[in-house]
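Data block below; observations after.
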Amino acid sequence: MVNLSFSIGGLAFKNPILTASGTFGYGGEFDDFIDVSKLGGIIVKGTSLEPREGNPYPRMAETPSGMLNAVGLQNKGIDYFESEIYPNVVKYDTNVIINVNGSTIDDYVALTERINLLEGIPAIELNISCPNVKKGGMVFGINPDSARDVVRAVRKVCKKKMIVKLSPNVTDIVAFAKIVEEEGADAISLINTLLGMAVDVKRMKPSLSTITGGLSGPAIKPVAVRMVWQVAKAVKIPVIGLGGITCANDALEFFLAGASAVQIGTYSFIDPTISITILEGVNNYLESKGFTDIKDIIGYINR
Amino acid sequence: MKRLEILKVLENKRLNEDTYLIVLGSKQQLPKMLPGQFVQIKVENKNIFLRRPISIHDVDYAGNNFSMLVQVVGEGTRSMSQLSPGSAVDVVFPLGNSFSIPLTGEKPLLIGGGVGIAPLKFLAKQLVNNGFKPDILLGFREVKRVICYEEFIEIGKVFVTTEDGSLGIKGYVTEHPVLVSGEYDRVFCCGPEAMMRAVASKCKENGIKCEVSLENLMGCGIGACLCCVVDTVNGNTCTCTDGPVFNIDQLKW
């Protein structure tokens, strides 16, 4: 038996395969395909204090080895989450984590205070990296001072474990990771989508209604692995890697580069069973290499 | 229940210059599938990342197979059109909602444009099984592009329009007198968006209930990515899970 467990600030996860926010709905979308409870955790769709309609269609474009999206954090707000989603999602025997969004620091704080009251939610993922909203999101995550301000304000009120999700759209990712660590984050997840753009040549228009959007999928994996490697060397808190993972080998790249856990994102759209396939694949790899604990390979390439 | 399964191509028949009828078979019993639902096909082409949503054309439960119509519009559909019998296809299905069952005594008219006639065969058969006598109005650009005509005349009365008048009545489906004959209580429509909008507005003018099947760019097909939204009276709504079939009263057309 291989020990796959890890922990974030004392919160135990049975395995390091999580699903990324915005790619896994609220879990129920995948019930027909997999046993969601087998996962280490699920990070549910980005939630805000008030309902958000998101951006107009078209909000997606297929690109080489990936896709651009400009969903814009469409969600029905925390009231709806609490009454309609929460009772179902807490039935899963896994860590259910809410991805927290806001347009202002006050929004983030107020939402965090609401989530504090939800017993079945052990952690939040603070999203300061969504590229598809005009206010908030990535605006906080690409400026060191505002990143510090929002993480500090949320930490002050947050009674849950706090993961901060970083934007790759910065020059020095390590500087942001260190700020987030200094301000008391329990873990860092990276990377959110890379800001990108595509033009529809036939229609002679931008492919997305918002012109720019977030690039995800295998196209961004090398960038994600590089950033995870840089950040994992620079901070002491656990790093959760994501970006373009499509198979166990991809996940293993992140572990070997220093990630304590990974999130499966866009590829769940193509294969709704992929998270479980990767879980099994990682386990098999460790067994075949004779490792008894996944911790033995985390950051292995640095040895 | 939805599933991911590797199906086998049983048949791939070219119907006109760019449209193909592809039959996919399972080794297991098929799940219950509904008229209007679709499947997500994984295309084996390194340039294609996302699955391609394709309507279910007909279902043969006894033979554990179903068919779909694929019109070549890009690289993904081109790859699909080249699938040879015996090859394996990775499919997520069945997805989406379905056309509704009319009220007892209602007379339905099915309107299809081009490859958009795809979901109407399964629907027509289902309606007949439920005791309805649907009529079918099919629109094409020209006689060379007419597909599935023989399949439909076995099910109900068929009217045809072509834009150049090379078969049936000349013009668009909305110009066919049958639509405003007063004979129909309910229209089920699938085709190009411009056609569906025109049909919807005719139906509104004439007090006919109308459902349309929309086609949007899709990511996941299961309601997880929120990419395929349509602007409805209830706000942005996923075409893949709340659709693809919408009552026109829900749409801001």
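In the structure tokens, chains take the letters A, B, ... in the order shown, each chain's residues start at 1, and ligands count up from 1 in the order shown.
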* Specify as JSON, numbers by chain all residues of chain B found within 6 Å of chain A, counting only C-alpha atoms. => {"B": [2, 49, 220, 224, 225, 227]}
Write the residues of the preceding selection, restricted to C-alpha atoms, as a compact mmCIF listing (two decimals), in the first residue's frame.
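Everything below was put into part-v6.txt:
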# COMPACT_ATOMS: atom_id res chain seq x y z
CA LYS B 2 -24.70 9.22 -18.76
CA PHE B 49 -8.77 19.26 -28.20
CA CYS B 220 -17.81 19.68 -21.46
CA ALA B 224 -19.49 21.85 -15.70
CA CYS B 225 -17.73 24.51 -17.77
CA CYS B 227 -19.19 27.84 -21.82
Leaving out Val154 (chain A) and any residue of its chain fewer than 6 positions from it, which residues lie within 7 Å of it when counting only C-alpha atoms, given as an mmCIF file with N, CA and C atoms, in the first residue's frame?
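part-v2.cif, freshly written:
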data_model
loop_
_atom_site.group_PDB
_atom_site.id
_atom_site.type_symbol
_atom_site.label_atom_id
_atom_site.label_comp_id
_atom_site.auth_asym_id
_atom_site.auth_seq_id
_atom_site.Cartn_x
_atom_site.Cartn_y
_atom_site.Cartn_z
ATOM 1 N N TYR A 108 -14.733 39.812 -0.451
ATOM 2 C CA TYR A 108 -13.990 38.605 -0.082
ATOM 3 C C TYR A 108 -14.184 38.307 1.409
ATOM 4 N N VAL A 109 -14.097 39.363 2.216
ATOM 5 C CA VAL A 109 -14.201 39.188 3.668
ATOM 6 C C VAL A 109 -15.604 38.727 4.050
ATOM 7 N N THR A 112 -16.137 35.134 3.025
ATOM 8 C CA THR A 112 -15.384 34.239 3.904
ATOM 9 C C THR A 112 -16.118 34.064 5.241
#
Min atom-atom distance to Leu226 (chain B) from the set B:Ser181, B:Thr241, B:Ser213, B:Pro94, counting only C-alpha atoms, belongs to B:Thr241
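When DSSP is run on the backbone, the residues of region 67-128 of chain B that fall into alpha helix (DSSP H) are Glu75, Gly76, Thr77, Arg78, Ser79, Met80, Ser81, Ala118, Pro119, Leu120, Lys121, Phe122, Leu123, Ala124, Lys125, Gln126, Leu127 and Val128 of chain B.
Within 12 Å of Asn249 (chain A), once only C-alpha atoms are used and residues closer than 3 positions along the same chain are dropped, the contacting residues are Lys221, Gly244, Ile245, Thr246, Leu252, Glu253, Phe254, Phe255, Leu256, Val262, Thr277, Ile278, Leu279, Glu280, Gly281, Val282, Asn283, Asn284, Tyr285 and Leu286 of chain A.
Contact shell of Thr104 (chain A) at 8 Å (only C-alpha atoms; same-chain neighbours under 2 positions omitted): A:Gly102, A:Asp106, A:Asp107, A:Tyr108, A:Lys135, A:Gly136.
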Atoms kept (C-alpha atoms) for selection, written as a PDB file, in the first residue's frame:
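File result-v4.pdb, as written:
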ATOM      1  CA  GLY A 102     -14.990  39.148  -4.904  1.00  0.00           C
ATOM      2  CA  ASP A 106     -15.023  43.727   1.593  1.00  0.00           C
ATOM      3  CA  ASP A 107     -16.708  41.174  -0.706  1.00  0.00           C
ATOM      4  CA  TYR A 108     -13.990  38.605  -0.082  1.00  0.00           C
ATOM      5  CA  LYS A 135     -13.233  44.160 -11.069  1.00  0.00           C
ATOM      6  CA  GLY A 136     -11.492  41.937  -8.544  1.00  0.00           C
TER       7      GLY A 136
END
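The coordinates place CA of Gly105 (chain B) at 22.1 Å from CA of Pro177 (chain B).
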Nearest to Thr19 (chain A), restricted to only C-alpha atoms and choosing among A:Val36, A:Val174, A:Ala110, A:Val223, comes out as A:Val36
Item checked: Spatial neighbours of Ser84 (chain B), 7 Å, only C-alpha atoms, chain gap at least 3 places, as a ChimeraX atom specification -> /B:9,12,87
* Which neighbours of Leu117 (chain A) fall inside 12 Å, counting only C-alpha atoms, when residues of the same chain fewer than 2 positions from it are skipped, and could you give them as a VMD selection string? -> chain A and resid 78 82 86 110 to 115 119 to 123 157 to 160
Query - Residues of region 18-241 of chain B in strand (DSSP E), written as JSON, numbers by chain - result: {"B": [19, 20, 21, 22, 23, 24, 25, 38, 39, 40, 41, 42, 52, 53, 54, 55, 58, 59, 60, 65, 66, 67, 68, 69, 70, 71, 88, 89, 90, 91, 92, 93, 94, 95, 108, 109, 110, 111, 112, 113, 135, 136, 137, 138, 139, 140, 158, 159, 160, 161, 162, 169, 170, 186, 187, 188, 189, 190, 209, 210, 211, 212, 213, 229, 230, 231, 232, 235, 236, 237, 238]}
Give me a file of those residues, with C-alpha atoms, as an mmCIF file, in the first residue's frame.
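The resulting file, result-v8.cif, is shown below:
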data_model
loop_
_atom_site.group_PDB
_atom_site.id
_atom_site.type_symbol
_atom_site.label_atom_id
_atom_site.label_comp_id
_atom_site.auth_asym_id
_atom_site.auth_seq_id
_atom_site.Cartn_x
_atom_site.Cartn_y
_atom_site.Cartn_z
ATOM 1 C CA THR B 19 -22.901 14.891 -44.897
ATOM 2 C CA TYR B 20 -22.441 11.429 -43.459
ATOM 3 C CA LEU B 21 -24.631 8.969 -41.588
ATOM 4 C CA ILE B 22 -22.561 7.217 -38.941
ATOM 5 C CA VAL B 23 -23.878 4.296 -36.910
ATOM 6 C CA LEU B 24 -22.212 3.533 -33.572
ATOM 7 C CA GLY B 25 -22.700 0.242 -31.782
ATOM 8 C CA PHE B 38 -26.806 14.520 -28.154
ATOM 9 C CA VAL B 39 -23.477 12.740 -27.765
ATOM 10 C CA GLN B 40 -19.960 14.114 -27.320
ATOM 11 C CA ILE B 41 -17.454 12.548 -29.697
ATOM 12 C CA LYS B 42 -13.736 12.497 -29.045
ATOM 13 C CA ARG B 52 -17.670 17.523 -30.672
ATOM 14 C CA PRO B 53 -21.383 17.523 -29.794
ATOM 15 C CA ILE B 54 -23.519 15.627 -32.326
ATOM 16 C CA SER B 55 -27.298 15.021 -32.273
ATOM 17 C CA ASP B 58 -32.016 7.430 -34.503
ATOM 18 C CA VAL B 59 -31.737 4.683 -31.910
ATOM 19 C CA ASP B 60 -31.991 0.933 -32.396
ATOM 20 C CA ASN B 65 -26.706 1.013 -31.832
ATOM 21 C CA PHE B 66 -27.595 4.575 -32.715
ATOM 22 C CA SER B 67 -26.932 6.836 -35.647
ATOM 23 C CA MET B 68 -25.910 10.442 -36.132
ATOM 24 C CA LEU B 69 -25.567 12.804 -39.063
ATOM 25 C CA VAL B 70 -22.237 14.551 -39.428
ATOM 26 C CA GLN B 71 -21.810 17.480 -41.772
ATOM 27 C CA ALA B 88 -13.399 2.676 -32.137
ATOM 28 C CA VAL B 89 -14.899 5.984 -31.020
ATOM 29 C CA ASP B 90 -14.783 7.431 -27.526
ATOM 30 C CA VAL B 91 -18.247 8.796 -26.744
ATOM 31 C CA VAL B 92 -19.873 10.501 -23.760
ATOM 32 C CA PHE B 93 -23.632 10.072 -23.945
ATOM 33 C CA PRO B 94 -26.563 10.596 -23.786
ATOM 34 C CA LEU B 95 -26.504 14.300 -22.960
ATOM 35 C CA PRO B 108 -47.213 18.378 -34.245
ATOM 36 C CA LEU B 109 -45.177 19.709 -37.160
ATOM 37 C CA LEU B 110 -41.468 18.892 -37.265
ATOM 38 C CA ILE B 111 -39.336 21.430 -39.115
ATOM 39 C CA GLY B 112 -35.745 20.698 -40.066
ATOM 40 C CA GLY B 113 -33.195 22.633 -42.057
ATOM 41 C CA ASP B 135 -46.076 16.030 -40.282
ATOM 42 C CA ILE B 136 -42.571 16.898 -41.334
ATOM 43 C CA LEU B 137 -41.304 19.976 -43.169
ATOM 44 C CA LEU B 138 -37.744 19.766 -44.454
ATOM 45 C CA GLY B 139 -35.762 22.638 -45.957
ATOM 46 C CA PHE B 140 -32.635 22.330 -48.083
ATOM 47 C CA VAL B 158 -43.379 15.154 -45.646
ATOM 48 C CA PHE B 159 -43.220 18.649 -47.164
ATOM 49 C CA VAL B 160 -40.029 19.970 -48.731
ATOM 50 C CA THR B 161 -38.705 23.386 -49.608
ATOM 51 C CA THR B 162 -35.517 24.157 -51.498
ATOM 52 C CA ILE B 169 -41.720 24.534 -52.859
ATOM 53 C CA LYS B 170 -39.176 27.214 -53.716
ATOM 54 C CA ARG B 186 -46.945 22.550 -31.842
ATOM 55 C CA VAL B 187 -43.731 22.887 -33.821
ATOM 56 C CA PHE B 188 -40.438 21.140 -33.112
ATOM 57 C CA CYS B 189 -37.595 22.732 -35.002
ATOM 58 C CA CYS B 190 -33.911 22.202 -35.616
ATOM 59 C CA LYS B 209 -46.184 26.326 -29.368
ATOM 60 C CA CYS B 210 -42.615 25.911 -30.509
ATOM 61 C CA GLU B 211 -39.463 24.204 -29.328
ATOM 62 C CA VAL B 212 -36.090 24.634 -30.992
ATOM 63 C CA SER B 213 -32.862 22.686 -30.627
ATOM 64 C CA VAL B 229 -24.626 29.479 -22.486
ATOM 65 C CA VAL B 230 -27.624 30.982 -24.181
ATOM 66 C CA ASP B 231 -29.260 34.151 -22.923
ATOM 67 C CA THR B 232 -32.697 33.152 -21.639
ATOM 68 C CA GLY B 235 -30.301 34.532 -17.492
ATOM 69 C CA ASN B 236 -27.338 32.697 -18.972
ATOM 70 C CA THR B 237 -28.263 29.032 -19.234
ATOM 71 C CA CYS B 238 -26.199 26.035 -20.342
#
Pairwise distance, CA of Ser167 (chain A) with CA of Leu242 (chain A), equals 11.4 Å
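One finds CA of Asn130 (chain B) at 11.6 Å from CA of Glu106 (chain B).
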